[in-house]
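For reference, final_10.txt (compact mmCIF, C-alpha atoms):
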```
# COMPACT_ATOMS: atom_id res chain seq x y z
CA MET M 804 147.93 108.99 86.51
CA LEU M 805 145.02 107.48 88.50
CA ASN M 806 145.09 103.91 89.69
CA CYS M 807 141.98 101.66 89.41
CA GLU M 808 140.78 102.32 92.96
CA GLN M 809 140.99 106.08 92.55
CA PHE M 810 139.24 105.78 89.19
CA GLU M 811 136.40 103.81 90.74
CA ASP M 812 136.06 106.23 93.64
CA LEU M 813 135.47 109.08 91.18
CA LEU M 814 133.13 107.07 88.98
CA PRO M 815 129.79 107.89 90.75
CA GLU M 816 130.28 111.57 89.92
CA VAL M 817 130.82 111.10 86.20
CA ILE M 818 129.25 107.89 84.99
CA ASP M 819 125.78 109.35 84.43
CA GLY M 820 126.89 112.29 82.36
CA GLY M 821 129.33 114.24 84.52
CA ALA M 822 132.47 115.81 83.07
CA TRP M 823 135.39 113.40 82.90
CA SER M 824 138.79 114.78 83.83
CA ALA M 825 141.77 114.21 81.53
CA GLU M 826 143.19 111.80 84.11
CA GLN M 827 140.00 109.73 84.22
CA ARG M 828 139.83 109.60 80.44
CA ALA M 829 143.46 108.56 80.21
CA HIS M 830 142.95 105.78 82.77
CA ALA M 831 139.82 104.48 81.06
CA GLN M 832 141.63 104.34 77.69
CA ASN M 833 144.50 102.31 79.09
CA CYS M 834 142.71 100.01 81.56
CA LYS M 835 140.65 97.18 80.12
CA SER M 836 139.21 96.26 83.52
CA CYS M 837 137.93 99.77 84.27
CA THR M 838 136.54 100.15 80.73
CA SER M 839 134.69 96.90 81.26
CA LEU M 840 133.40 98.16 84.63
CA VAL M 841 132.06 101.38 83.11
CA ASN M 842 130.38 99.46 80.29
CA ASP M 843 128.79 97.00 82.71
CA LEU M 844 127.44 99.71 85.02
CA ARG M 845 125.99 101.61 82.07
CA ASN M 846 124.52 98.40 80.71
CA ILE M 847 122.82 97.68 84.05
CA ALA M 848 121.40 101.21 84.14
CA GLN M 849 120.14 100.88 80.58
CA GLU M 850 118.50 97.49 81.06
CA SER M 851 116.90 98.51 84.36
CA LYS M 852 114.64 100.96 82.54
CA TYR M 853 112.77 97.97 81.13
CA LEU M 854 111.77 96.90 84.64
CA ALA M 855 109.55 99.95 85.03
CA GLU M 856 106.39 98.26 83.73
CA SER M 857 107.24 94.61 83.98
CA ASP M 858 104.70 93.44 86.56
CA GLU M 859 100.93 93.24 86.68
CA PRO M 860 98.94 93.60 89.91
CA SER M 861 96.22 91.04 90.65
CA PRO M 862 92.57 91.98 89.90
CA ARG M 863 92.05 92.26 93.67
CA VAL M 864 93.71 95.68 93.63
CA TRP M 865 91.14 97.25 91.31
CA GLN M 866 88.25 95.51 93.07
CA GLU M 867 89.32 96.89 96.45
CA LEU M 868 90.09 100.29 94.98
CA ARG M 869 86.69 100.49 93.31
CA LYS M 870 84.97 99.62 96.58
CA SER M 871 86.81 102.44 98.32
CA LEU M 872 86.01 104.90 95.53
CA VAL M 873 82.31 104.06 95.73
CA ALA M 874 82.32 104.17 99.55
CA GLU M 875 83.97 107.59 99.52
CA GLY M 876 81.56 108.91 96.89
CA LEU M 877 84.27 109.49 94.30
CA ILE M 878 82.46 107.21 91.86
CA ARG M 879 79.13 108.98 91.88
CA LYS M 880 77.31 107.50 88.93
CA PRO M 881 77.43 104.35 86.91
CA ALA M 882 79.04 104.98 83.52
CA LYS M 883 75.78 104.02 81.78
CA HIS M 884 74.31 107.39 82.74
CA GLY M 885 77.11 109.26 81.16
CA ARG M 886 76.85 107.36 77.92
CA LEU M 887 73.07 107.69 77.74
CA MET M 888 73.21 111.37 78.54
CA ASP M 889 76.06 111.98 76.14
CA PHE M 890 74.06 110.34 73.39
CA PHE M 891 70.66 111.90 73.99
CA PHE M 892 71.84 115.33 74.96
CA ALA M 893 74.60 115.81 72.45
CA PRO M 894 74.35 119.26 70.80
CA ARG M 895 72.99 117.74 67.58
CA TRP M 896 69.80 116.59 69.33
CA ARG M 897 69.06 119.75 71.28
CA PRO M 898 66.80 121.41 68.67
CA ILE M 899 64.40 118.47 68.79
CA LEU M 900 64.33 117.95 72.56
CA VAL M 901 61.32 120.22 73.17
CA PRO M 902 59.00 118.63 70.59
CA VAL M 903 60.17 115.18 71.64
CA GLY M 904 59.47 116.06 75.26
CA ALA M 905 55.96 117.12 74.33
CA VAL M 906 55.38 113.87 72.45
CA ALA M 907 56.77 111.91 75.37
CA ALA M 908 54.42 113.66 77.78
CA LEU M 909 51.52 112.63 75.55
CA ALA M 910 52.92 109.11 75.52
CA ILE M 911 52.91 109.00 79.30
CA VAL M 912 49.26 110.09 79.35
CA PHE M 913 48.50 107.41 76.75
CA LEU M 914 50.28 104.73 78.78
CA ALA M 915 48.50 105.76 81.94
CA TYR M 916 45.18 105.47 80.09
CA GLN M 917 46.15 102.06 78.72
CA SER M 918 47.27 100.82 82.09
CA ASP M 919 43.87 101.62 83.56
CA ARG M 920 42.38 99.15 81.11
CA ALA M 921 45.10 96.48 81.42
CA PRO M 922 44.92 93.75 84.05
CA VAL M 923 47.83 95.14 85.99
CA ASN M 924 49.04 93.01 88.88
CA ALA M 925 46.37 90.44 88.33
CA PRO M 926 46.45 87.67 90.90
CA GLY M 927 49.04 85.10 89.98
CA THR M 928 51.02 87.45 87.73
CA SER M 929 52.43 89.92 90.21
CA ALA M 930 55.23 87.60 91.28
CA LYS M 931 56.46 87.37 87.70
CA VAL M 932 56.14 90.92 86.57
CA GLY M 933 56.08 92.99 89.71
CA VAL M 934 58.94 93.97 91.92
CA ALA M 935 60.23 91.13 94.03
CA ALA M 936 58.87 91.29 97.53
CA GLY M 937 61.46 92.16 100.10
CA ASP M 938 63.83 93.79 97.60
CA GLN M 939 63.80 97.22 99.15
CA SER M 940 66.39 98.69 96.78
CA ASN M 941 64.19 97.84 93.78
CA VAL M 942 61.11 99.24 95.47
CA ALA M 943 62.94 102.48 96.14
CA LEU M 944 64.13 102.78 92.55
CA LEU M 945 60.79 102.23 90.77
CA ASP M 946 57.65 104.27 91.28
CA ASP M 947 54.07 103.13 90.60
CA GLU M 948 54.07 104.43 87.03
CA ASP M 949 57.32 102.60 86.31
CA VAL M 950 55.89 99.34 87.62
CA GLN M 951 52.80 99.82 85.44
CA LEU M 952 54.97 100.45 82.41
CA LEU M 953 57.05 97.36 83.13
CA ASN M 954 53.92 95.29 83.52
CA GLN M 955 52.83 96.43 80.09
CA LEU M 956 56.20 95.62 78.59
CA SER M 957 56.37 92.20 80.19
CA MET M 958 53.50 91.21 77.92
CA ASP M 959 55.91 91.64 74.97
CA SER M 960 58.88 89.75 76.38
CA PRO M 961 60.66 89.29 79.71
CA ALA M 962 63.92 90.39 78.09
CA VAL M 963 62.42 93.72 76.97
CA ARG M 964 60.98 94.20 80.41
CA ALA M 965 64.33 93.49 82.06
CA SER M 966 66.07 95.94 79.77
CA TYR M 967 63.56 98.73 80.53
CA GLU M 968 63.65 97.92 84.22
CA ASP M 969 67.41 98.49 84.19
CA SER M 970 67.01 101.75 82.29
CA LEU M 971 64.33 103.01 84.66
CA LYS M 972 66.30 102.12 87.75
CA ASN M 973 69.34 103.90 86.36
CA VAL M 974 67.44 106.99 85.36
CA ASN M 975 65.59 107.11 88.70
CA LEU M 976 68.90 106.84 90.50
CA TYR M 977 70.19 109.67 88.39
CA ILE M 978 67.11 111.79 89.15
CA ARG M 979 67.51 111.09 92.85
CA ASP M 980 71.19 112.13 92.78
CA ALA M 981 70.44 115.20 90.67
CA LYS M 982 67.62 116.22 93.04
CA GLU M 983 69.94 115.90 95.99
CA VAL M 984 72.60 118.03 94.31
CA ALA M 985 70.00 120.61 93.27
CA ARG M 986 68.57 120.69 96.79
CA LYS M 987 72.00 121.33 98.27
CA ASN M 988 72.82 123.96 95.62
CA PRO M 989 69.56 125.87 95.08
CA GLY M 990 71.08 128.72 93.08
CA ASN M 991 73.33 126.57 90.93
CA ASP M 992 72.31 126.56 87.26
CA VAL M 993 74.43 123.50 86.47
CA ALA M 994 72.69 121.49 89.18
CA GLN M 995 69.26 122.63 87.94
CA ASP M 996 70.23 121.79 84.39
CA ALA M 997 71.40 118.31 85.46
CA LEU M 998 68.04 117.73 87.16
CA MET M 999 66.17 118.84 84.05
CA GLN M 1000 68.28 116.53 81.95
CA ALA M 1001 67.63 113.65 84.31
CA TYR M 1002 63.87 114.14 83.89
CA LYS M 1003 64.31 114.43 80.13
CA GLU M 1004 66.16 111.15 80.11
CA LYS M 1005 63.27 109.48 81.89
CA THR M 1006 60.87 111.00 79.40
CA MET M 1007 62.96 109.47 76.65
CA VAL M 1008 62.67 106.03 78.19
CA TYR M 1009 58.89 106.38 78.34
CA GLU M 1010 58.84 107.62 74.77
CA MET M 1011 60.80 104.59 73.56
CA ALA M 1012 58.41 102.32 75.42
CA ALA M 1013 55.45 104.09 73.85
CA ASN M 1014 56.96 103.67 70.40
CA ARG M 1015 57.27 99.94 71.05
CA SER M 1016 53.61 99.74 72.02
CA ALA M 1017 52.63 101.70 68.89
CA HIS M 1018 54.33 99.15 66.63
CA MET Q 181 88.99 106.98 75.81
CA THR Q 182 92.12 109.16 75.92
CA GLU Q 183 93.83 109.95 79.20
CA ALA Q 184 92.60 113.56 79.07
CA GLU Q 185 89.02 112.42 78.50
CA ALA Q 186 89.32 109.88 81.30
CA ILE Q 187 90.59 112.55 83.70
CA GLU Q 188 87.74 114.90 82.78
CA ARG Q 189 85.15 112.15 83.22
CA ALA Q 190 86.71 110.87 86.45
CA GLN Q 191 86.44 114.40 87.84
CA LYS Q 192 82.68 114.05 87.30
CA GLY Q 193 82.62 110.74 89.15
CA ASP Q 194 82.48 108.36 86.19
CA GLY Q 195 83.42 104.84 87.29
CA ASP Q 196 84.59 103.72 83.85
CA ALA Q 197 86.95 106.68 83.66
CA PHE Q 198 88.58 105.74 86.96
CA GLU Q 199 89.04 102.21 85.70
CA ALA Q 200 90.55 103.47 82.44
CA LEU Q 201 93.08 105.59 84.34
CA TYR Q 202 93.87 102.68 86.61
CA SER Q 203 94.41 100.36 83.65
CA LEU Q 204 96.69 102.85 81.93
CA HIS Q 205 99.03 103.16 84.90
CA LYS Q 206 98.61 100.03 87.00
CA ARG Q 207 101.71 98.22 85.72
CA ARG Q 208 104.00 101.18 86.24
CA VAL Q 209 102.69 101.91 89.72
CA TYR Q 210 102.65 98.30 90.86
CA SER Q 211 106.11 97.60 89.43
CA LEU Q 212 107.50 100.63 91.26
CA CYS Q 213 105.95 99.46 94.54
CA LEU Q 214 107.22 95.93 94.00
CA ARG Q 215 110.78 97.03 93.22
CA MET Q 216 110.87 99.33 96.23
CA THR Q 217 109.46 96.85 98.73
CA GLY Q 218 110.45 93.49 97.23
CA ASN Q 219 107.14 92.08 98.50
CA PRO Q 220 104.15 91.45 96.16
CA THR Q 221 101.48 91.72 98.89
CA ASP Q 222 102.88 94.97 100.26
CA ALA Q 223 103.26 96.22 96.69
CA GLU Q 224 99.58 95.61 95.92
CA ASP Q 225 98.46 97.37 99.09
CA LEU Q 226 100.71 100.32 98.34
CA ALA Q 227 99.61 100.53 94.70
CA GLN Q 228 96.00 100.61 95.87
CA GLU Q 229 96.79 103.33 98.39
CA ALA Q 230 98.67 105.40 95.81
CA PHE Q 231 95.78 105.29 93.36
CA LEU Q 232 93.28 106.07 96.09
CA GLN Q 233 95.23 109.12 97.24
CA LEU Q 234 95.50 110.31 93.66
CA PHE Q 235 91.83 109.80 92.86
CA ARG Q 236 90.85 111.68 96.01
CA LYS Q 237 92.64 114.70 94.58
CA ILE Q 238 91.69 114.26 90.96
CA SER Q 239 89.21 117.13 91.06
CA THR Q 240 92.16 119.47 91.67
CA PHE Q 241 94.14 118.20 88.67
CA ARG Q 242 94.35 120.97 86.07
CA GLY Q 243 96.99 119.49 83.78
CA GLU Q 244 99.88 121.77 84.78
CA SER Q 245 102.13 118.72 84.96
CA ALA Q 246 101.76 115.32 83.31
CA PHE Q 247 99.29 113.06 85.05
CA SER Q 248 101.82 110.22 85.09
CA THR Q 249 104.44 112.43 86.77
CA TRP Q 250 101.92 113.37 89.44
CA LEU Q 251 100.96 109.74 89.97
CA HIS Q 252 104.54 108.49 90.20
CA ARG Q 253 105.52 111.16 92.69
CA MET Q 254 102.55 110.23 94.79
CA THR Q 255 103.41 106.54 94.57
CA VAL Q 256 106.99 107.20 95.65
CA ASN Q 257 105.73 109.23 98.61
CA VAL Q 258 103.32 106.47 99.64
CA VAL Q 259 106.06 103.83 99.43
CA LEU Q 260 108.65 105.91 101.27
CA MET Q 261 106.13 106.70 103.99
CA GLN Q 262 105.44 103.00 104.38
CA LEU Q 263 109.14 102.11 104.50
CA ARG Q 264 109.66 104.71 107.21
CA LYS Q 265 106.67 103.41 109.17
CA LYS Q 266 108.16 99.94 109.07
CA SER Q 267 111.53 101.38 110.06
CA LEU Q 268 113.15 99.95 106.95
CA PRO Q 269 116.16 101.95 105.77
CA VAL Q 270 115.20 104.10 102.80
CA VAL Q 271 118.88 104.68 102.15
CA SER Q 272 121.84 102.97 103.72
CA LEU Q 273 122.70 104.59 107.03
CA ASP Q 274 126.29 104.71 105.94
CA GLU Q 275 127.20 108.05 104.37
CA SER Q 276 130.80 107.15 103.68
CA PRO Q 277 131.52 105.08 100.59
CA ASP Q 278 134.46 103.45 102.34
CA GLY Q 279 132.77 102.31 105.51
CA ASP Q 280 129.98 100.15 104.12
CA GLU Q 281 130.65 96.46 104.53
CA GLU Q 282 127.98 95.55 102.01
CA ALA Q 283 129.59 97.48 99.17
CA PRO Q 284 131.20 94.97 96.84
CA LYS Q 285 134.93 95.28 96.29
CA ARG Q 286 136.32 94.76 92.84
CA ASP Q 287 139.00 92.12 92.48
CA LEU Q 288 141.33 94.31 90.48
CA GLY Q 289 143.73 91.55 89.56
CA ALA Q 290 141.10 89.19 88.21
CA ASP Q 291 139.84 88.89 84.65
CA ASP Q 292 136.60 90.78 84.09
CA LEU Q 293 133.62 88.96 82.71
CA ASN Q 294 131.97 91.55 80.51
CA LEU Q 295 128.21 91.87 80.99
CA SER Q 296 127.57 93.60 77.71
CA GLY Q 297 125.30 91.89 75.23
CA ALA Q 298 121.87 90.51 75.99
CA MET Q 299 121.33 90.83 79.72
CA ASP Q 300 119.05 88.33 81.41
CA ARG Q 301 116.23 90.60 82.60
CA VAL Q 302 114.69 87.93 84.79
CA GLU Q 303 117.99 87.62 86.59
CA LEU Q 304 118.39 91.39 86.73
CA ASN Q 305 114.90 91.66 88.20
CA ARG Q 306 115.73 89.04 90.83
CA ALA Q 307 119.01 90.73 91.64
CA VAL Q 308 117.26 94.09 92.14
CA GLU Q 309 114.71 92.51 94.46
CA ASN Q 310 117.54 91.04 96.51
CA LEU Q 311 119.43 94.29 96.88
CA PRO Q 312 119.73 95.51 100.48
CA PRO Q 313 116.75 97.89 101.08
CA GLY Q 314 119.06 100.83 101.68
CA TYR Q 315 120.54 100.55 98.18
CA ARG Q 316 117.39 99.46 96.45
CA SER Q 317 115.38 102.67 96.88
CA VAL Q 318 117.94 104.92 95.25
CA PHE Q 319 118.65 102.42 92.49
CA VAL Q 320 114.95 101.98 91.64
CA LEU Q 321 114.25 105.69 91.76
CA HIS Q 322 117.22 106.58 89.54
CA ASP Q 323 117.79 103.73 87.13
CA VAL Q 324 114.29 102.27 86.85
CA GLU Q 325 112.10 105.34 87.37
CA GLY Q 326 114.40 107.97 85.94
CA PHE Q 327 114.46 110.48 88.81
CA GLU Q 328 117.50 112.78 89.10
CA HIS Q 329 119.81 112.70 92.12
CA ASN Q 330 118.59 116.07 93.41
CA GLU Q 331 114.98 114.82 93.26
CA ILE Q 332 115.91 111.59 95.04
CA ALA Q 333 117.82 113.48 97.70
CA ASN Q 334 114.69 115.55 98.36
CA MET Q 335 112.39 112.56 98.42
CA VAL Q 336 114.40 110.25 100.64
CA GLY Q 337 116.06 112.92 102.73
CA CYS Q 338 119.74 112.39 101.97
CA SER Q 339 122.47 114.40 100.29
CA ILE Q 340 122.99 114.36 96.52
CA GLY Q 341 126.43 112.86 97.08
CA ASN Q 342 124.94 110.10 99.18
CA SER Q 343 122.38 109.37 96.50
CA LYS Q 344 125.17 109.02 93.90
CA SER Q 345 127.20 106.86 96.22
CA GLN Q 346 124.25 104.56 97.03
CA LEU Q 347 123.46 104.20 93.37
CA HIS Q 348 127.03 103.27 92.55
CA LYS Q 349 127.11 100.65 95.29
CA ALA Q 350 123.80 99.22 94.16
CA ARG Q 351 125.05 98.92 90.57
CA MET Q 352 128.31 97.34 91.76
CA LYS Q 353 126.32 94.84 93.82
CA LEU Q 354 124.12 94.01 90.87
CA ARG Q 355 127.13 93.60 88.61
CA GLU Q 356 128.66 91.18 91.07
CA VAL Q 357 125.46 89.13 91.33
CA LEU Q 358 124.94 89.06 87.57
CA LYS Q 359 128.52 88.02 86.95
CA GLN Q 360 128.20 85.20 89.46
CA HIS Q 361 125.01 84.11 87.75
CA ARG Q 362 126.64 84.19 84.32
CA ALA Q 363 129.71 82.34 85.58
CA GLY Q 364 127.44 79.69 87.14
CA LYS Q 365 125.62 79.23 83.85
CA ALA Q 366 128.92 78.92 81.97
CA GLU Q 367 130.11 76.26 84.41
CA LYS Q 368 126.92 74.27 83.97
CA LYS Q 369 127.33 74.39 80.21
CA GLN Q 370 130.86 73.06 80.41
CA ALA Q 371 129.81 70.26 82.77
```

Take the structure in this file and express it as structure tokens.
Amino acid sequence: MLNCEQFEDLLPEVIDGGAWSAEQRAHAQNCKSCTSLVNDLRNIAQESKYLAESDEPSPRVWQELRKSLVAEGLIRKPAKHGRLMDFFFAPRWRPILVPVGAVAALAIVFLAYQSDRAPVNAPGTSAKVGVAAGDQSNVALLDDEDVQLLNQLSMDSPAVRASYEDSLKNVNLYIRDAKEVARKNPGNDVAQDALMQAYKEKTMVYEMAANRSAH
Amino acid sequence: MTEAEAIERAQKGDGDAFEALYSLHKRRVYSLCLRMTGNPTDAEDLAQEAFLQLFRKISTFRGESAFSTWLHRMTVNVVLMQLRKKSLPVVSLDESPDGDEEAPKRDLGADDLNLSGAMDRVELNRAVENLPPGYRSVFVLHDVEGFEHNEIANMVGCSIGNSKSQLHKARMKLREVLKQHRAGKAEKKQA
């Protein structure tokens, strides 16, 4: 018959599902103290599982992590692009992309014609509707046609203009990234396709703007 | 967004997908780091490092094993590496169950205060954080995270027997602390 000390010495081998010897079983049945010990240790093990997800890190962790992910190029595009692309280029829209593209091209020509007649960047208005001087990142993300389009839209409402400005910057960023990828991978169909889609997305933005003007 | 969708989108560099994956697992990862180190600032740094290491390799993830398993293994590795760098004992240096002065001895003649019933998790949490570092790692890996002794032995570099022995000592230590806490509460009630 085991004594309590011998029982406890053998406990680590059996408490988590090992095979109990007849002697160990006999001791546990007759010793209240050792039964209580086994129950307590099992209870601690059981309750400890609930500690696995009990604490929340501060927001700082994600902020720092995100910075690192952007710096290392792991986050390559803002999520907006993905959502826009997923929506516009979902399989259900593909059959109409070509005619829509043609219409959009016409819309661009129309807008260019209109912009020739509009008082674009008239003295005293450029500060409001143009790109802020000194903001090099904005300058890089908008081309002349974009600025003309935004100037047109700003006549409707500043909010509409701001919304289109965001869309254009995003789509231009996407085109720039897609161009870079395509340049580095000249024979890669996926990269070429991504570039085509980036241009199509920009066409869409122009088309939406044209539709606004038409109404 | 499901986890599978988030993984697929994160592989394409989608920022929202990375955030979704982080949100799904942040509590588990941070809690593991906190239990292992006992220090909230260190735990946050380590959680950040674990996620970063994982996200760097996310393009190689093909779903052969569960994403969470992959992440937790990586977190354990990051924490253990850090503990070793700081020269903190990952397991107690003592291999013999008899020679460790910190191992609590049971007073075999005394009445046992049974811990069964609703256990105070706040107190349990505190008791785990106050475990000696050498016991804490094995306890957290086995009882909190659910790793097996052979896995723990591999991770921390000890024998399976040592892992079992460390776990037993950790549980005994916790039992002692929890009983003291419960006895203290009972005394207060009576007074």

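CA of Asn842 in chain M lies 15.9 Å from CA of Ala829 in chain M.
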
Any idea what's packed within 9 Å of Met299 in chain Q, counting only C-alpha atoms, ignoring anything in its chain fewer than 5 positions away? Could you give it as a PyMOL selection string?
(chain M and resi 846-847+850) or (chain Q and resi 304+358)

Students should find that CA of Ala223 in chain Q and CA of Asp300 in chain Q are spaced 23.3 Å

Tell me, as a list in words, which residues lie within 10 Å of Ile978 in chain M, counting all atoms listed in the file; anything in the same chain fewer than 4 positions away does not count.
Lys972, Asn973, Val974, Lys982, Glu983, Val984, Ala997, Leu998, Met999, Gln1000, Ala1001, Tyr1002, Lys1003, Glu1004 and Lys1005 of chain M

Could those selected residues go to a file with C-alpha atoms, as a PDB file, keeping the file's coordinate frame?
```
ATOM      1  CA  LYS M 972      66.300 102.120  87.750  1.00  0.00           C
ATOM      2  CA  ASN M 973      69.340 103.900  86.360  1.00  0.00           C
ATOM      3  CA  VAL M 974      67.440 106.990  85.360  1.00  0.00           C
ATOM      4  CA  LYS M 982      67.620 116.220  93.040  1.00  0.00           C
ATOM      5  CA  GLU M 983      69.940 115.900  95.990  1.00  0.00           C
ATOM      6  CA  VAL M 984      72.600 118.030  94.310  1.00  0.00           C
ATOM      7  CA  ALA M 997      71.400 118.310  85.460  1.00  0.00           C
ATOM      8  CA  LEU M 998      68.040 117.730  87.160  1.00  0.00           C
ATOM      9  CA  MET M 999      66.170 118.840  84.050  1.00  0.00           C
ATOM     10  CA  GLN M1000      68.280 116.530  81.950  1.00  0.00           C
ATOM     11  CA  ALA M1001      67.630 113.650  84.310  1.00  0.00           C
ATOM     12  CA  TYR M1002      63.870 114.140  83.890  1.00  0.00           C
ATOM     13  CA  LYS M1003      64.310 114.430  80.130  1.00  0.00           C
ATOM     14  CA  GLU M1004      66.160 111.150  80.110  1.00  0.00           C
ATOM     15  CA  LYS M1005      63.270 109.480  81.890  1.00  0.00           C
TER      16      LYS M1005
END
```

Write out as a ChimeraX atom specification which residues come within 8 Å of range 860-873 of chain M when counting only C-alpha atoms, dropping same-chain ones fewer than 4 positions away.
/M:877-879 /Q:199,202,206-207,210,224-225,227-228,231-232

Any idea what's packed within 9 Å of range 315-323 of chain Q, counting only C-alpha atoms, ignoring anything in its chain fewer than 4 positions away? Could you give it as an MDAnalysis selection string?
(chainID M and resid 847:852 855) or (chainID Q and resid 212 215:217 256 260 269:272 308:311 327:329 332:333 336 343:344 346:351)
